[in-house]
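Encoded as structure tokens, the structure appears first; notes follow it.
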Amino acid sequence: MNRMWSKKILLITLSLFFASTATFSAEESFTVDTLERMLEMDRHKQLITQKKNSKSTLSAFTTDGCSGGLSVGWEYLAGKIQGFQVNHGAIPPWQACCIKHDQAYHTGGERDNNATKSFEDRKKADLALRACVFDTGDTRAAELQKEYQLSREEVHRLYIVIADLMYRAVRVGGMPCTGLPWRWGYGWPKCE
């Protein structure tokens, strides 16, 4: 099998894998938003309490690039697969999006927020991540079209899938007060 077809098969496989994260209808989205609020609101209240505690201090900003092993995995592939780094770089092309997202997650919103505002700020940060990743696809479209003989629409669809998958991952894995290193408000001490 020639190299070009191997790359196309990889892209198609990734697309099919990520296609299981298809977007929700307006009615389902309302249900998801309601469910998220139910699951998170107590955690946001805990975070606000922790942030208002006079003994709590915000740590210096840190980032792991794109969490969940995405940056680490990308760097590994860049070092192992011939031509990967030349074609796609040593870090994910959307890593700047992840770092900006980490900056919002580090502080977890304003110190004097209430739980509702904290929830809304997190959702806004997650939507901004999704939009930024999607926009990265637009900036790379011509390059990817040429390299993989894809149409602009195919690149567009691929980046919709990547952006949606990352959005859903941070919505599920980024709730405050989980103790995870990438949680909303990770710059503050762990919630009690």
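Identifiers in the structure tokens: chain A, B, ... in order shown; residue index from 1 per chain; ligand index from 1 in order shown.
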
So that I can see what lies close to Cys97 (chain A), please list as number ranges by chain the residues with an atom at most 7 Å from it, counting only C-alpha atoms and leaving out residues fewer than 5 positions away in the same chain. A: 129, 132-133

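Take CA of Glu36 (chain A) and CA of Gly73 (chain A): the distance between them is 28.7 Å.
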
Residues of region 154-192 of chain A within 8 Å of region 106-121 of chain A: nearest atom pair and distance (Å, one decimal) for each, counting only C-alpha atoms, sorted by chain and number, as JSON lines?
{"residue": "A:Trp184", "atom": "CA", "partner": "A:Gly108", "partner_atom": "CA", "distance": 5.2}
{"residue": "A:Gly185", "atom": "CA", "partner": "A:Gly108", "partner_atom": "CA", "distance": 3.8}
{"residue": "A:Tyr186", "atom": "CA", "partner": "A:His106", "partner_atom": "CA", "distance": 5.0}
{"residue": "A:Gly187", "atom": "CA", "partner": "A:His106", "partner_atom": "CA", "distance": 4.6}
{"residue": "A:Trp188", "atom": "CA", "partner": "A:Thr107", "partner_atom": "CA", "distance": 7.2}

Go ahead and write the residues just picked, N, CA, C and O atoms, as a PDB file, in the first residue's frame.
ATOM      1  N   TRP A 184     -11.070  22.796  36.461  1.00  0.00           N
ATOM      2  CA  TRP A 184     -11.389  24.220  36.516  1.00  0.00           C
ATOM      3  C   TRP A 184     -10.935  24.740  37.878  1.00  0.00           C
ATOM      4  O   TRP A 184     -11.303  24.191  38.910  1.00  0.00           O
ATOM      5  N   GLY A 185     -10.095  25.762  37.880  1.00  0.00           N
ATOM      6  CA  GLY A 185      -9.568  26.321  39.118  1.00  0.00           C
ATOM      7  C   GLY A 185      -8.362  25.567  39.653  1.00  0.00           C
ATOM      8  O   GLY A 185      -8.087  25.602  40.855  1.00  0.00           O
ATOM      9  N   TYR A 186      -7.605  24.883  38.764  1.00  0.00           N
ATOM     10  CA  TYR A 186      -6.482  24.056  39.237  1.00  0.00           C
ATOM     11  C   TYR A 186      -5.366  24.861  39.884  1.00  0.00           C
ATOM     12  O   TYR A 186      -4.510  24.299  40.567  1.00  0.00           O
ATOM     13  N   GLY A 187      -5.356  26.178  39.725  1.00  0.00           N
ATOM     14  CA  GLY A 187      -4.341  27.014  40.365  1.00  0.00           C
ATOM     15  C   GLY A 187      -4.587  27.252  41.839  1.00  0.00           C
ATOM     16  O   GLY A 187      -3.712  27.720  42.562  1.00  0.00           O
ATOM     17  N   TRP A 188      -5.795  26.923  42.281  1.00  0.00           N
ATOM     18  CA  TRP A 188      -6.155  27.078  43.689  1.00  0.00           C
ATOM     19  C   TRP A 188      -5.925  25.760  44.408  1.00  0.00           C
ATOM     20  O   TRP A 188      -5.905  24.701  43.793  1.00  0.00           O
TER      21      TRP A 188
END

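Atom pair CA of Asp135 (chain A) / CA of His88 (chain A) has a distance of 15.8 Å (rounded to one decimal).
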
Pick from A:Gly137, A:Pro189, A:Gly173, A:Gly179 nearest to Leu158 (chain A), counting only C-alpha atoms: A:Gly137

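Atom pair CA of Thr31 (chain A) / CA of Gln46 (chain A) has a distance of 23.8 Å (rounded to one decimal).
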
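When only C-alpha atoms are used to measure the gap to His101 (chain A), the shortest distance among A:Glu192, A:Leu150, A:Gly174, A:Ser59 belongs to A:Gly174.
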
Would you mind writing down, as a ChimeraX atom specification, each residue of region 49-85 of chain A that DSSP on the backbone assigns to alpha helix (DSSP H)? /A:49-52,70-80,84-85

Counting only C-alpha atoms, which residue out of A:Ala141, A:Val172, A:Ile81, A:Ile48 sits closest to Pro93 (chain A)? A:Ala141

Find the residues around Thr139 (chain A) up to 12 Å (only C-alpha atoms counted), leave out those fewer than 5 positions away in its own chain, and share them as number ranges by chain. A: 93-94, 132-134, 144-145, 152, 155-156, 159

Go ahead and save the picked residues with N, CA, C and O atoms, as a compact mmCIF listing (two decimals), in the first residue's frame.
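Written out: again-v4.txt:
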# COMPACT_ATOMS: atom_id res chain seq x y z
N PRO A 93 -0.92 21.33 16.39
CA PRO A 93 -1.06 22.65 15.78
C PRO A 93 -2.01 23.56 16.54
O PRO A 93 -2.00 24.77 16.36
N TRP A 94 -2.83 23.02 17.42
CA TRP A 94 -3.77 23.79 18.21
C TRP A 94 -3.31 23.95 19.66
O TRP A 94 -4.08 24.34 20.53
N CYS A 132 -11.32 27.79 18.68
CA CYS A 132 -9.90 27.98 18.34
C CYS A 132 -9.35 26.76 17.60
O CYS A 132 -8.64 26.90 16.59
N VAL A 133 -9.66 25.57 18.07
CA VAL A 133 -9.20 24.34 17.40
C VAL A 133 -9.80 24.28 16.00
O VAL A 133 -9.09 23.98 15.03
N PHE A 134 -11.07 24.58 15.88
CA PHE A 134 -11.70 24.57 14.57
C PHE A 134 -11.02 25.59 13.64
O PHE A 134 -10.75 25.29 12.48
N LEU A 144 -3.14 20.84 4.39
CA LEU A 144 -3.67 19.48 4.54
C LEU A 144 -4.30 18.98 3.25
O LEU A 144 -4.20 17.78 2.94
N GLN A 145 -4.95 19.87 2.52
CA GLN A 145 -5.53 19.48 1.23
C GLN A 145 -4.43 18.97 0.30
O GLN A 145 -4.59 17.93 -0.36
N ARG A 152 -11.42 20.75 0.72
CA ARG A 152 -11.55 21.72 1.82
C ARG A 152 -12.67 21.26 2.76
O ARG A 152 -12.55 21.38 3.98
N VAL A 155 -11.42 18.52 5.10
CA VAL A 155 -10.60 19.10 6.18
C VAL A 155 -11.52 19.78 7.19
O VAL A 155 -11.36 19.62 8.40
N HIS A 156 -12.49 20.51 6.70
CA HIS A 156 -13.47 21.19 7.54
C HIS A 156 -14.18 20.19 8.46
O HIS A 156 -14.26 20.40 9.68
N TYR A 159 -11.85 18.74 11.18
CA TYR A 159 -11.61 19.67 12.29
C TYR A 159 -12.85 19.91 13.13
O TYR A 159 -12.73 20.19 14.33

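Excluding Leu39 (chain A) itself and same-chain residues fewer than 4 positions from it, the residues having an atom within 12 Å of it are A:Val32, A:Asp33, A:Thr34, A:Leu35, A:Arg43, A:His44, A:Lys45, A:Phe119, A:Arg171, A:Val172, A:Met175, A:Pro176, A:Cys177, A:Thr178, counting only C-alpha atoms.
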
Take the selection from the previous step and output its residues with C-alpha atoms, as an mmCIF file, in the first residue's frame.
data_model
loop_
_atom_site.group_PDB
_atom_site.id
_atom_site.type_symbol
_atom_site.label_atom_id
_atom_site.label_comp_id
_atom_site.auth_asym_id
_atom_site.auth_seq_id
_atom_site.Cartn_x
_atom_site.Cartn_y
_atom_site.Cartn_z
ATOM 1 C CA VAL A 32 -27.013 18.295 28.367
ATOM 2 C CA ASP A 33 -26.671 21.856 29.701
ATOM 3 C CA THR A 34 -29.214 21.122 32.435
ATOM 4 C CA LEU A 35 -27.424 17.904 33.344
ATOM 5 C CA ARG A 43 -18.501 21.728 42.802
ATOM 6 C CA HIS A 44 -18.512 25.367 41.646
ATOM 7 C CA LYS A 45 -19.812 26.384 45.089
ATOM 8 C CA PHE A 119 -20.126 27.588 35.553
ATOM 9 C CA ARG A 171 -16.690 19.382 29.560
ATOM 10 C CA VAL A 172 -16.537 15.922 31.155
ATOM 11 C CA MET A 175 -15.197 20.030 36.356
ATOM 12 C CA PRO A 176 -13.950 21.914 39.431
ATOM 13 C CA CYS A 177 -13.004 20.228 42.681
ATOM 14 C CA THR A 178 -12.174 16.836 41.201
#
